[in-house]
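Each remark here refers to the structure printed beneath this line.
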Protein chains: 6
Amino acid sequence: MSDHQIDAQDVRIFCGRSNPDLAQGIADDLGVPLEKSNFRRFSNDCMEVQLGASVRERTVFVIQSLVKPVSEHLLELLVMLDIARNAGARSVHAIIPYYAYARSDIKDAPRISITARLVADLLATAGATHIMTMTLHSPQVHGFFSVPTDVLTARHEFGKYLSNRDMEKTVVVSPDVGHAKSAARFAQMFNLPVVAANKERIADNQVRVSGLFGRQIHKYQRALIYDDEIATGSSVLEVCKELIKKGIMEIIPVCTHGVFSGKSLQSLAAIPQIVEIIATDTVPPPADKPSCLTILPVAHIFGEAIWRNYTRQSIGGLFSYWQDSES
Amino acid sequence: MSDHQIDAQDVRIFCGRSNPDLAQGIADDLGVPLEKSNFRRFSNDCMEVQLGASVRERTVFVIQSLVKPVSEHLLELLVMLDIARNAGARSVHAIIPYYAYARSDIKDAPRISITARLVADLLATAGATHIMTMTLHSPQVHGFFSVPTDVLTARHEFGKYLSNRDMEKTVVVSPDVGHAKSAARFAQMFNLPVVAANKERIADNQVRVSGLFGRQIHKYQRALIYDDEIATGSSVLEVCKELIKKGIMEIIPVCTHGVFSGKSLQSLAAIPQIVEIIATDTVPPPADKPSCLTILPVAHIFGEAIWRNYTRQSIGGLFSYWQDSES
Amino acid sequence: MSDHQIDAQDVRIFCGRSNPDLAQGIADDLGVPLEKSNFRRFSNDCMEVQLGASVRERTVFVIQSLVKPVSEHLLELLVMLDIARNAGARSVHAIIPYYAYARSDIKDAPRISITARLVADLLATAGATHIMTMTLHSPQVHGFFSVPTDVLTARHEFGKYLSNRDMEKTVVVSPDVGHAKSAARFAQMFNLPVVAANKERIADNQVRVSGLFGRQIHKYQRALIYDDEIATGSSVLEVCKELIKKGIMEIIPVCTHGVFSGKSLQSLAAIPQIVEIIATDTVPPPADKPSCLTILPVAHIFGEAIWRNYTRQSIGGLFSYWQDSES
Amino acid sequence: MSDHQIDAQDVRIFCGRSNPDLAQGIADDLGVPLEKSNFRRFSNDCMEVQLGASVRERTVFVIQSLVKPVSEHLLELLVMLDIARNAGARSVHAIIPYYAYARSDIKDAPRISITARLVADLLATAGATHIMTMTLHSPQVHGFFSVPTDVLTARHEFGKYLSNRDMEKTVVVSPDVGHAKSAARFAQMFNLPVVAANKERIADNQVRVSGLFGRQIHKYQRALIYDDEIATGSSVLEVCKELIKKGIMEIIPVCTHGVFSGKSLQSLAAIPQIVEIIATDTVPPPADKPSCLTILPVAHIFGEAIWRNYTRQSIGGLFSYWQDSES
Amino acid sequence: MSDHQIDAQDVRIFCGRSNPDLAQGIADDLGVPLEKSNFRRFSNDCMEVQLGASVRERTVFVIQSLVKPVSEHLLELLVMLDIARNAGARSVHAIIPYYAYARSDIKDAPRISITARLVADLLATAGATHIMTMTLHSPQVHGFFSVPTDVLTARHEFGKYLSNRDMEKTVVVSPDVGHAKSAARFAQMFNLPVVAANKERIADNQVRVSGLFGRQIHKYQRALIYDDEIATGSSVLEVCKELIKKGIMEIIPVCTHGVFSGKSLQSLAAIPQIVEIIATDTVPPPADKPSCLTILPVAHIFGEAIWRNYTRQSIGGLFSYWQDSES
Amino acid sequence: MSDHQIDAQDVRIFCGRSNPDLAQGIADDLGVPLEKSNFRRFSNDCMEVQLGASVRERTVFVIQSLVKPVSEHLLELLVMLDIARNAGARSVHAIIPYYAYARSDIKDAPRISITARLVADLLATAGATHIMTMTLHSPQVHGFFSVPTDVLTARHEFGKYLSNRDMEKTVVVSPDVGHAKSAARFAQMFNLPVVAANKERIADNQVRVSGLFGRQIHKYQRALIYDDEIATGSSVLEVCKELIKKGIMEIIPVCTHGVFSGKSLQSLAAIPQIVEIIATDTVPPPADKPSCLTILPVAHIFGEAIWRNYTRQSIGGLFSYWQDSES
């Protein structure tokens, strides 16, 4: 389907067990087979991985999303990178569609870890020579990596998917002022205004939204809530309450990383005003996907970035933090 | 004046040429002499530094603010760290009250540098084993450093200074939604509400503020504009225009790092509603300081942190990114 | 109980969640409190740890056994080391009573990982400046660590515990010729002969024992089967079959690391000739400990090693791979 | 003779002075010239090496066996790697047919060095980006290297050479239980049984063999003693005594690395039952080679591995520690 | 003009702001465009650079001379190297025609920095994988770099330019005994004798010359004063005084790096016996170039070295410290 | 004899086999025992070292001169440093009185190694955290080390020893213009003039001296030839010929490192005008020391430097490259 032309003898694509469908999609997009790996476990619970194809002097890609169980998937990725390096790969690329630890990006209490930095260092230690990921919790996390790193975006995917929708009387809502800029880049694609909620996080799964920043909300009928990830969904839920109170009649939460922990998806689906929830497949969709959940595939975005990288083309146009006007 | 008790034979304090008064203040606070250094320049413009006291097996502090000319001051700092390390210091602490490069913290255009990370790596290469700084442009920059780093705050200093002011009908304004959380920590000290401006940066010295997020502004008479640094002052000026339009009658911009480049200070002072501008001395105050500019000294904050570090006490209470309720 | 005298203000002892009882035992042995840590989990499954006491300029010990779930416990340890380093600890000691990954010590198939080396590198990356562990799967694993590492032994503990037993007509059996030397050091304490089984590992949990190496087995009535770890117990079971066939009437399996995965403990306990199973608490004992299982505590061995290290005494006498005659 | 096709302009092969014949053999196998190097010595005994051909942007191989004088040959290798790296080689491959320091692989006494790890680190410091070697003293030593390393085997060579021999009533003997697994892989080629001697090393050149592990020895007439290296030959001699006592009438010691220090070769040749001694040329054969000593060349094994590496083929089939059934 | 054939799609050439004409010359020599870069400055004086063309998987050259302001140009270079590395360049080559910090090459006073080493380390930290420079203050500085480094010479350029001059009764003068060997290599091209002045440096810009070493000077009429760099010109001036005193009637100072700080050029031009001053364009010539100053271009030397490096040819013939007889 | 007071429990001094007398002298000066080490050799020629005293959490000094056989002594030193680091030493100081590889300090031919830099890197890899040495071949070699390094001088020792000599009509001669500055520092102690010979090195052991630089030589009767090291003595011999030709009647060669290779000492002693040869014991004196050879001990210089370092005093006064006027 894609017209990418990569020498299948020159590259090797492997994946961990976190998101095999996305990995297969990326391989398909590049016209390169997704190689098998064997995953076993010693009786003392240590993992044992064997890559299923020679990597000698080849460009190797290892695809792994840091989804639940995160520690297990992270270690699996580290082991696979280590194997590729020590088996003589020319370069070792970690493709991490969802970099979960990006949420540990500041030290806002004493004696905690900025784990997003620690994990970036572990990846380099294990042998990654290049990293590709998508939309980090904050754009500064990019600076945590010591090897060249590309942060891709699914924004244009959302743009294409929503391009034919009626955007009359629609407002884009950022559930957190800290992500308002990212929401603005999203809104710019449709020439929509942006408001940001004044979220106070009481606990990891409890937030209080005290009023909505920005333009007067009652002028609008529809809201696109735009965020990088939805986990417990509590932010979105609180924002929905406020929006509904202000008269919004149609709500579409849009996020890159649809983690949807616990009962979050059911809670969101239960709100009548939520007509659709849009996410990508950086996180594998739940088995019991509700009908209102739309999953947009991102395999071709990674495929495109790998192809451009391989063929020495600029991949800036796929980057997360650029204004489109700059690309 | 302070009751800190450091063995003056065990530590050595030096400073570069960026902010000698602050350095002297820190040394005075600790009751330790500020050692001399010689600064010369080869005829080919290369700098040559000589530390004026033996550092052998001692704990060494080098104090340097990255103020204009930044490259010169940065290189001076790197050279001084290198000297201390190679002359046998036991540990080498870079005290950087103003880490100017924190503003280069994201890659929001292709082929630019996250220079805040690069400089963090250069400091480690030159021999820094520990870094102390104050209020970074974004809290994530903390994660760029590969050696232990403490990020202090002047927030409590502002709190003490303003503690007797009439805070009736006062609102705290964050000129940028990205810094609203930091403004909230500030506002919390006085139990004040917060609004954030919707700043769009058109160029480095040109911003457009399109409306104010948060609670209705007309209820208030006074505004404290709180930001990490004021350079061109354009954000503050734009916010002031909006505030005045909305009926605010008294404005006090408050910032940690008073860079005040170009004619910024004059422009701000010329606005009648600005009754006072408050900054600290992380950046040396201008020679022609206008009467409305209040400079709060931070030497004792660094002194306290150094002393606690030296005497194995927790310095968490001085950190920038904690909620006070957590300390 | 122990007469160790460590300045409790100078050291900090923390532990992960793998083996808190052993950690408490070590702290008690040293007369130093075991500090609390907070363990939480983000809604996206990322872990978040907070150390409960200041580590600034202190000697910090983090105790963690790599028991099931190994990935989780390993990452927890890495995060805790990272916190200690970045919060200004003077030195960071990882105490890893059971280093499970030592079993991945050779590359006996293409494209697998010598994970014991990878994990050693990850520990250094996370900030460990010194490592203490006990009896590795093979003595060469010691050479995988890039920071100073001490490998302790519980051999003398077994010696003390068994010192009053009747050792007439007793033979020591090594279930694997690769560990025969280690069994010999054990046997030397009681002046017993050693035989080694010719184990062929068919799969991780399936072995075939084809005859017993060494002296004629029918001369003996009792056998002490000595191994570094018992996981599935299949090696021991196979050896038992052979021993019983040869007329041995009393069998005591002895191991340092009692992993006892699956139904292994029940299977062993069901063999009438097995009168006792002896292990240490490097791995926490199972909740439903059968009466035949004796767990020897090793907290005081680690306490002794830490104390000697802290007080600049040689700890060679506690090392795993020495002949006692050499100590 | 070999059909390897390497672009002679793209690679450069050099060798130190330890084993020029083997180096020439490897170069011949690849159809690439062995470049000259100049070796001189300053009057203060420092060595000075000059590589005789440009290495700029080329794949460079430096061949050196760590034979006597080991320190001299090791330093020579380090200097040659350093030259290649700094003269702009694209990659620098150290080919070390005999890695003598592999014998220092455990810390079995206090305050000794695991020198096999130290030397691995020195090789990386000097610029090696990849290492090839043959049969290490223990398979774990593989994990000591921080750059990708391939450990080749001469086992198949022995297999070919002995393939037509009468193997009736023949047993394979491992002189050390620690190497029994390696002997088993050797025995498997001929479907022969294995026994292992219970060697106790009294000193580096003195061992005592107390009985033979494994199947009953009197059933056999011939023995192949299989070991990684023969240095003083004392282990083999002791084993021979035992074997002869048990009635063995024909003995063939087989080893990869024929160090044959002192009078070892003469002592072995003097035993009437020893009909042949087989070794490879990883160590240069002695000038006065006795007629019973057969030296099998291994140049083509290294040539094959280099060629496969260069042409991106898997070299797993040449690895030392695999079971053949797995390859 | 040059017949170099480099794939312009495979390499990218950028330059800082120190010496754009030389950079253009190098690009022209290679037939590759000199890519644009954008240089801006934040209002807090931090620099911001953007490379103007994609570097992904390409060989990247960044050209920068460390001329005044040195700190600014050094930091600019570090930032550009960092950008290239992190944007995915295959290799990053720093071309530094004038490495000004080479003068800080010894520690001849306590607590000073061997800054030439520090800067070499900073370049590696920023991402340089290879360095090219020209004639260092002392040849040992080459050993300060941790990445492969080529030190080129302009000697042959001087040779060509002066090849038709009347060299009767001419002597080569080294203003410093420490550089006499380099002067000898220069003199060898014309078969001229060499004398060296006994320079004592009183201060950076003040020297005393006490007599001239070497052959009797009165036999000569012309002198070529040969040095690596002329900054204040005080050494040359002092030497001239001595030479004139001894009866020399025509003097030509020749240097690689014409820094010509302050009024140095005017002072030299004012001496009637100085008939010409020869330098190269590693340092950009002054705007008000006096007629007696001849600037020899070196772009084609760097072009040649880059081309040879790119096409895997030896570049030894362009090296600074070889005797021509050895090349 | 010395009044140094070091806690003998806090430090450990070991030495390799190159210069045990000097090591004993240093230990005596510090009042600390010189600990024993065991040196053995595997039968395959690999060395094996065991340090004879616990180093845990202690300051460890390892003393080794890089004299013949240099490779052996270098590797011995590397192994001893590795042992100290891995056995838990707090800091590891390599004391290298004679750093022979300093002579490989420039790349004056293609594809050679700047081995002085390589060896400096190897020392850091092996675990040295600090280095002390004496008078390097060129002062720039100091910059090759990546750990803090102190370069001591024996100049004052020569000064003391010669202080009562009649220095009338005496001149100091530097056999190489490259070392004239060092000779000048020596001459300054006696207020003597300096001349430098114009040495051309034809081969490592063959030089041609073509005339003497500097002041007219016939005014003098005595000459002190001052050099860093005398190996073959060919430079000194050539200089002597010239001096004798010019009428000098008494010659005293003075050097720090008396390597005296081959028959050099006999050749020098055979010249009637050479009344005395002075060297230090950084290199162990020859067994058959001729009566004209005076060896000045330097143990107390190293002792003093260690003591000052240990007690946090400046050791600048002992440095090699300072002018005395600066100390």
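Order determines the names: the first chain of the structure tokens is A, the second B, and so forth; residues in each chain are numbered 1 upward, and ligands are numbered 1 upward as they are shown.
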Contact residues (chain A, partner chain E, 12 Å, only C-alpha atoms) as a short mmCIF file (atom, residue, chain, number, x, y, z; two decimals) with all heavy atoms, in the first residue's frame:
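Wrote iface13.cif, looks like this:
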data_model
loop_
_atom_site.label_atom_id
_atom_site.label_comp_id
_atom_site.auth_asym_id
_atom_site.auth_seq_id
_atom_site.Cartn_x
_atom_site.Cartn_y
_atom_site.Cartn_z
N ARG A 90 24.48 -2.70 12.95
CA ARG A 90 25.16 -1.46 12.57
C ARG A 90 24.60 -0.29 13.37
O ARG A 90 25.32 0.57 13.83
CB ARG A 90 24.95 -1.22 11.09
CG ARG A 90 25.73 -0.06 10.54
CD ARG A 90 25.61 -0.01 9.04
NE ARG A 90 24.21 -0.19 8.65
CZ ARG A 90 23.81 -0.76 7.52
NH1 ARG A 90 24.69 -1.19 6.66
NH2 ARG A 90 22.53 -0.88 7.26
N SER A 91 23.28 -0.27 13.52
CA SER A 91 22.66 0.76 14.35
C SER A 91 21.40 0.16 14.95
O SER A 91 20.80 -0.77 14.38
CB SER A 91 22.33 2.01 13.53
OG SER A 91 21.45 1.70 12.47
N HIS A 93 17.75 1.06 16.61
CA HIS A 93 16.72 2.09 16.76
C HIS A 93 15.60 1.60 17.65
O HIS A 93 14.95 0.60 17.31
CB HIS A 93 16.17 2.47 15.38
CG HIS A 93 17.23 2.85 14.40
ND1 HIS A 93 17.50 4.15 14.04
CD2 HIS A 93 18.14 2.11 13.72
CE1 HIS A 93 18.51 4.18 13.18
NE2 HIS A 93 18.92 2.95 12.97
N THR A 129 20.86 3.49 19.64
CA THR A 129 21.64 4.57 19.04
C THR A 129 20.72 5.66 18.49
O THR A 129 21.19 6.69 18.05
CB THR A 129 22.52 4.03 17.90
OG1 THR A 129 21.68 3.42 16.92
CG2 THR A 129 23.51 3.01 18.41
N HIS A 130 19.44 5.44 18.53
CA HIS A 130 18.47 6.40 18.00
C HIS A 130 17.11 6.00 18.56
O HIS A 130 16.83 4.81 18.73
CB HIS A 130 18.45 6.32 16.46
CG HIS A 130 17.40 7.17 15.81
ND1 HIS A 130 16.67 6.73 14.74
CD2 HIS A 130 16.97 8.42 16.08
CE1 HIS A 130 15.84 7.69 14.36
NE2 HIS A 130 15.99 8.72 15.15
N ILE A 131 16.28 6.98 18.85
CA ILE A 131 14.98 6.70 19.42
C ILE A 131 13.91 7.45 18.63
O ILE A 131 14.12 8.59 18.20
CB ILE A 131 14.94 7.10 20.92
CG1 ILE A 131 15.78 6.09 21.73
CG2 ILE A 131 13.53 7.18 21.45
CD1 ILE A 131 16.07 6.50 23.13
N MET A 132 12.77 6.76 18.40
CA MET A 132 11.61 7.42 17.82
C MET A 132 10.45 7.20 18.76
O MET A 132 10.22 6.09 19.23
CB MET A 132 11.26 6.83 16.45
CG MET A 132 12.04 7.41 15.32
SD MET A 132 11.38 6.83 13.74
CE MET A 132 12.55 7.63 12.65
N HIS A 142 12.03 15.59 25.58
CA HIS A 142 12.94 15.36 24.46
C HIS A 142 14.41 15.55 24.87
O HIS A 142 15.29 14.79 24.47
CB HIS A 142 12.58 16.35 23.34
CG HIS A 142 13.20 16.04 22.02
ND1 HIS A 142 12.70 16.50 20.83
CD2 HIS A 142 14.30 15.33 21.69
CE1 HIS A 142 13.45 16.09 19.84
NE2 HIS A 142 14.43 15.38 20.33
N GLY A 143 14.64 16.56 25.70
CA GLY A 143 16.01 16.88 26.12
C GLY A 143 16.59 15.89 27.11
O GLY A 143 17.75 16.00 27.50
N PHE A 145 16.98 12.71 26.51
CA PHE A 145 17.65 11.62 25.79
C PHE A 145 19.06 12.02 25.38
O PHE A 145 19.29 13.13 24.92
CB PHE A 145 16.84 11.23 24.56
CG PHE A 145 15.51 10.62 24.90
CD1 PHE A 145 14.38 11.41 25.01
CD2 PHE A 145 15.40 9.27 25.15
CE1 PHE A 145 13.15 10.85 25.35
CE2 PHE A 145 14.18 8.71 25.48
CZ PHE A 145 13.05 9.50 25.59
N SER A 146 19.98 11.09 25.52
CA SER A 146 21.36 11.38 25.15
C SER A 146 21.69 10.86 23.76
O SER A 146 22.79 11.07 23.28
CB SER A 146 22.32 10.80 26.19
OG SER A 146 22.11 9.42 26.33
N VAL A 147 20.78 10.16 23.12
CA VAL A 147 20.98 9.77 21.72
C VAL A 147 19.96 10.52 20.88
O VAL A 147 18.93 10.96 21.39
CB VAL A 147 20.84 8.24 21.53
CG1 VAL A 147 21.93 7.49 22.28
CG2 VAL A 147 19.47 7.74 21.94
N PRO A 148 20.26 10.68 19.58
CA PRO A 148 19.31 11.41 18.73
C PRO A 148 17.91 10.83 18.83
O PRO A 148 17.73 9.61 18.80
CB PRO A 148 19.89 11.22 17.32
CG PRO A 148 21.35 11.03 17.54
CD PRO A 148 21.46 10.29 18.84
N THR A 149 16.95 11.68 18.98
CA THR A 149 15.57 11.26 19.24
C THR A 149 14.61 12.07 18.38
O THR A 149 14.77 13.27 18.24
CB THR A 149 15.26 11.48 20.74
OG1 THR A 149 16.12 10.63 21.51
CG2 THR A 149 13.81 11.15 21.07
N ASP A 150 13.65 11.38 17.78
CA ASP A 150 12.63 12.05 17.00
C ASP A 150 11.27 11.87 17.67
O ASP A 150 10.88 10.74 17.96
CB ASP A 150 12.57 11.48 15.57
CG ASP A 150 13.88 11.73 14.82
OD1 ASP A 150 14.38 12.86 14.86
OD2 ASP A 150 14.39 10.77 14.21
N VAL A 151 10.59 12.97 17.91
CA VAL A 151 9.28 12.91 18.56
C VAL A 151 8.22 13.23 17.51
O VAL A 151 8.09 14.36 17.06
CB VAL A 151 9.22 13.93 19.72
CG1 VAL A 151 7.90 13.78 20.46
CG2 VAL A 151 10.39 13.75 20.67
N ALA A 305 8.46 7.95 8.89
CA ALA A 305 9.63 8.52 9.56
C ALA A 305 10.85 7.61 9.39
O ALA A 305 11.96 8.07 9.13
CB ALA A 305 9.34 8.73 11.04
N ILE A 306 10.64 6.30 9.52
CA ILE A 306 11.74 5.36 9.34
C ILE A 306 12.25 5.43 7.90
O ILE A 306 13.46 5.47 7.65
CB ILE A 306 11.27 3.92 9.67
CG1 ILE A 306 11.03 3.78 11.18
CG2 ILE A 306 12.28 2.89 9.18
CD1 ILE A 306 10.35 2.49 11.59
N TRP A 307 11.32 5.51 6.98
CA TRP A 307 11.70 5.55 5.57
C TRP A 307 12.48 6.81 5.25
O TRP A 307 13.51 6.78 4.60
CB TRP A 307 10.43 5.45 4.71
CG TRP A 307 10.71 5.45 3.24
CD1 TRP A 307 11.37 4.50 2.53
CD2 TRP A 307 10.37 6.48 2.32
NE1 TRP A 307 11.44 4.87 1.22
CE2 TRP A 307 10.82 6.08 1.05
CE3 TRP A 307 9.68 7.71 2.44
CZ2 TRP A 307 10.65 6.86 -0.08
CZ3 TRP A 307 9.50 8.48 1.31
CH2 TRP A 307 9.99 8.06 0.06
N ARG A 308 12.00 7.94 5.76
CA ARG A 308 12.73 9.19 5.52
C ARG A 308 14.11 9.15 6.15
O ARG A 308 15.09 9.61 5.59
CB ARG A 308 11.94 10.37 6.09
CG ARG A 308 10.67 10.66 5.32
CD ARG A 308 10.16 12.04 5.68
NE ARG A 308 8.79 12.24 5.19
CZ ARG A 308 8.11 13.35 5.40
NH1 ARG A 308 8.66 14.35 6.10
NH2 ARG A 308 6.88 13.48 4.94
N ASN A 309 14.16 8.63 7.36
CA ASN A 309 15.44 8.53 8.06
C ASN A 309 16.39 7.66 7.26
O ASN A 309 17.56 8.00 7.05
CB ASN A 309 15.21 7.91 9.44
CG ASN A 309 16.44 7.95 10.32
OD1 ASN A 309 16.89 9.01 10.71
ND2 ASN A 309 17.01 6.78 10.59
N TYR A 310 15.86 6.54 6.77
CA TYR A 310 16.68 5.58 6.04
C TYR A 310 17.15 6.16 4.71
O TYR A 310 18.24 5.88 4.23
CB TYR A 310 15.86 4.30 5.80
CG TYR A 310 16.64 3.18 5.21
CD1 TYR A 310 17.48 2.39 6.00
CD2 TYR A 310 16.56 2.89 3.86
CE1 TYR A 310 18.20 1.35 5.46
CE2 TYR A 310 17.27 1.85 3.30
CZ TYR A 310 18.10 1.08 4.10
OH TYR A 310 18.83 0.06 3.55
N THR A 311 16.30 6.98 4.11
CA THR A 311 16.64 7.53 2.79
C THR A 311 17.14 8.96 2.89
O THR A 311 17.11 9.70 1.93
CB THR A 311 15.40 7.48 1.87
OG1 THR A 311 14.34 8.18 2.51
CG2 THR A 311 14.99 6.06 1.59
N ARG A 312 17.58 9.35 4.06
CA ARG A 312 18.21 10.65 4.28
C ARG A 312 17.33 11.84 3.94
O ARG A 312 17.81 12.87 3.48
CB ARG A 312 19.52 10.74 3.49
CG ARG A 312 20.56 9.75 3.96
CD ARG A 312 21.90 10.06 3.38
NE ARG A 312 21.86 10.22 1.94
CZ ARG A 312 22.89 10.04 1.14
NH1 ARG A 312 24.05 9.68 1.63
NH2 ARG A 312 22.78 10.21 -0.14
N GLN A 313 16.02 11.69 4.16
CA GLN A 313 15.15 12.85 3.99
C GLN A 313 14.83 13.47 5.34
O GLN A 313 14.82 12.79 6.35
CB GLN A 313 13.82 12.43 3.35
CG GLN A 313 13.96 11.83 1.98
CD GLN A 313 12.61 11.37 1.48
OE1 GLN A 313 11.77 12.18 1.14
NE2 GLN A 313 12.42 10.07 1.46
N SER A 314 14.56 14.75 5.34
CA SER A 314 14.17 15.44 6.57
C SER A 314 12.87 14.83 7.08
O SER A 314 11.96 14.53 6.32
CB SER A 314 13.97 16.91 6.28
OG SER A 314 13.45 17.54 7.43
N ILE A 315 12.77 14.65 8.40
CA ILE A 315 11.50 14.16 8.94
C ILE A 315 10.87 15.23 9.82
O ILE A 315 9.95 14.97 10.58
CB ILE A 315 11.66 12.84 9.71
CG1 ILE A 315 12.51 13.01 10.95
CG2 ILE A 315 12.22 11.76 8.82
CD1 ILE A 315 12.50 11.75 11.81
N GLY A 316 11.38 16.43 9.71
CA GLY A 316 10.86 17.53 10.52
C GLY A 316 9.36 17.68 10.38
O GLY A 316 8.66 17.98 11.35
N GLY A 317 8.82 17.44 9.21
CA GLY A 317 7.39 17.62 9.00
C GLY A 317 6.53 16.70 9.85
O GLY A 317 5.33 16.94 10.02
N PHE A 319 7.29 16.11 13.06
CA PHE A 319 7.63 16.34 14.47
C PHE A 319 6.46 16.89 15.26
O PHE A 319 5.61 17.60 14.75
CB PHE A 319 8.79 17.32 14.58
CG PHE A 319 10.12 16.67 14.38
CD1 PHE A 319 11.27 17.44 14.38
CD2 PHE A 319 10.25 15.31 14.18
CE1 PHE A 319 12.51 16.86 14.19
CE2 PHE A 319 11.49 14.73 13.99
CZ PHE A 319 12.62 15.51 14.00
#
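Every protein, DNA or RNA residue with an atom at most 10 Å from Gly159 (chain B), where only C-alpha atoms count and chain neighbours fewer than 4 positions away do not, is listed here: Ala154, Arg155, Ser163, Asn164, Phe186, Ala187, Gln188, Met189 and Phe190 of chain B.
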Restrict the selected residues to C-alpha atoms and save them as a compact mmCIF listing (two decimals), in the first residue's frame.
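Listed below is the output, again22.txt:
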# COMPACT_ATOMS: atom_id res chain seq x y z
CA ALA B 154 12.96 32.81 45.89
CA ARG B 155 9.22 32.42 46.39
CA SER B 163 3.63 39.87 53.81
CA ASN B 164 2.42 43.19 55.21
CA PHE B 186 3.10 31.93 44.55
CA ALA B 187 -0.56 32.91 44.95
CA GLN B 188 -1.07 30.20 47.53
CA MET B 189 1.17 32.06 49.98
CA PHE B 190 -1.35 34.93 50.08
Applying 9 Å and only C-alpha atoms, which residues near Pro69 (chain E) remain after dropping the ones on its own chain fewer than 4 positions away? List them as a PyMOL selection string. (chain B and resi 45-46+72) or (chain E and resi 18+73-74)
Written file, previous selection with N, CA and C atoms, as a compact mmCIF listing (two decimals), in the first residue's frame:
# COMPACT_ATOMS: atom_id res chain seq x y z
N ASP B 45 42.63 36.68 22.31
CA ASP B 45 41.29 36.74 22.91
C ASP B 45 40.93 35.52 23.75
N CYS B 46 41.82 34.56 23.87
CA CYS B 46 41.53 33.42 24.74
C CYS B 46 41.61 33.88 26.20
N GLU B 72 30.68 34.27 27.19
CA GLU B 72 31.89 34.59 27.95
C GLU B 72 31.79 34.06 29.38
N SER E 18 32.49 32.98 12.14
CA SER E 18 33.84 33.49 12.36
C SER E 18 34.60 33.75 11.06
N HIS E 73 32.38 32.37 19.51
CA HIS E 73 32.54 31.47 18.37
C HIS E 73 32.66 30.02 18.81
N LEU E 74 33.29 29.80 19.96
CA LEU E 74 33.39 28.44 20.45
C LEU E 74 32.00 27.90 20.79
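Residues within 10 Å of Phe302 (chain C), counting only C-alpha atoms and excluding same-chain residues fewer than 3 positions away, are C:Leu22, C:Ala23, C:Gly25, C:Ile26, C:Ala27, C:Asp29, C:Leu30, C:Ile95, C:Ile96, C:Pro97, C:Met132, C:Thr133, C:Met134, C:Leu152, C:Thr153, C:Ala154, C:Val298, C:Ala299, C:Ala305, C:Ile306, C:Trp307, C:Arg308, C:Leu318.
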Need to verify the contact set: region 253-268 of chain D, 8 Å, only C-alpha atoms, exclusion of same-chain residues closer than 4 positions in sequence. Can you return it as a PyMOL selection string? (chain D and resi 67+98+135+154+224-234+236-237+274+276-283+285+290) or (chain F and resi 43-44)
Determine, counting only C-alpha atoms, which protein, DNA and RNA residues have an atom within 12 Å of an atom of Val172 (chain B); residues of the same chain fewer than 3 positions away are not included. Present the result as JSON, numbers by chain. {"B": [167, 168, 169, 175, 179, 180, 181, 182, 183, 184, 185, 186, 187, 188, 189, 190, 191, 192, 193, 194, 195, 196, 197, 212, 213, 214, 215, 217, 220, 221, 222, 223, 224, 225, 226, 227, 239, 243, 248, 250, 251, 252, 253, 254]}
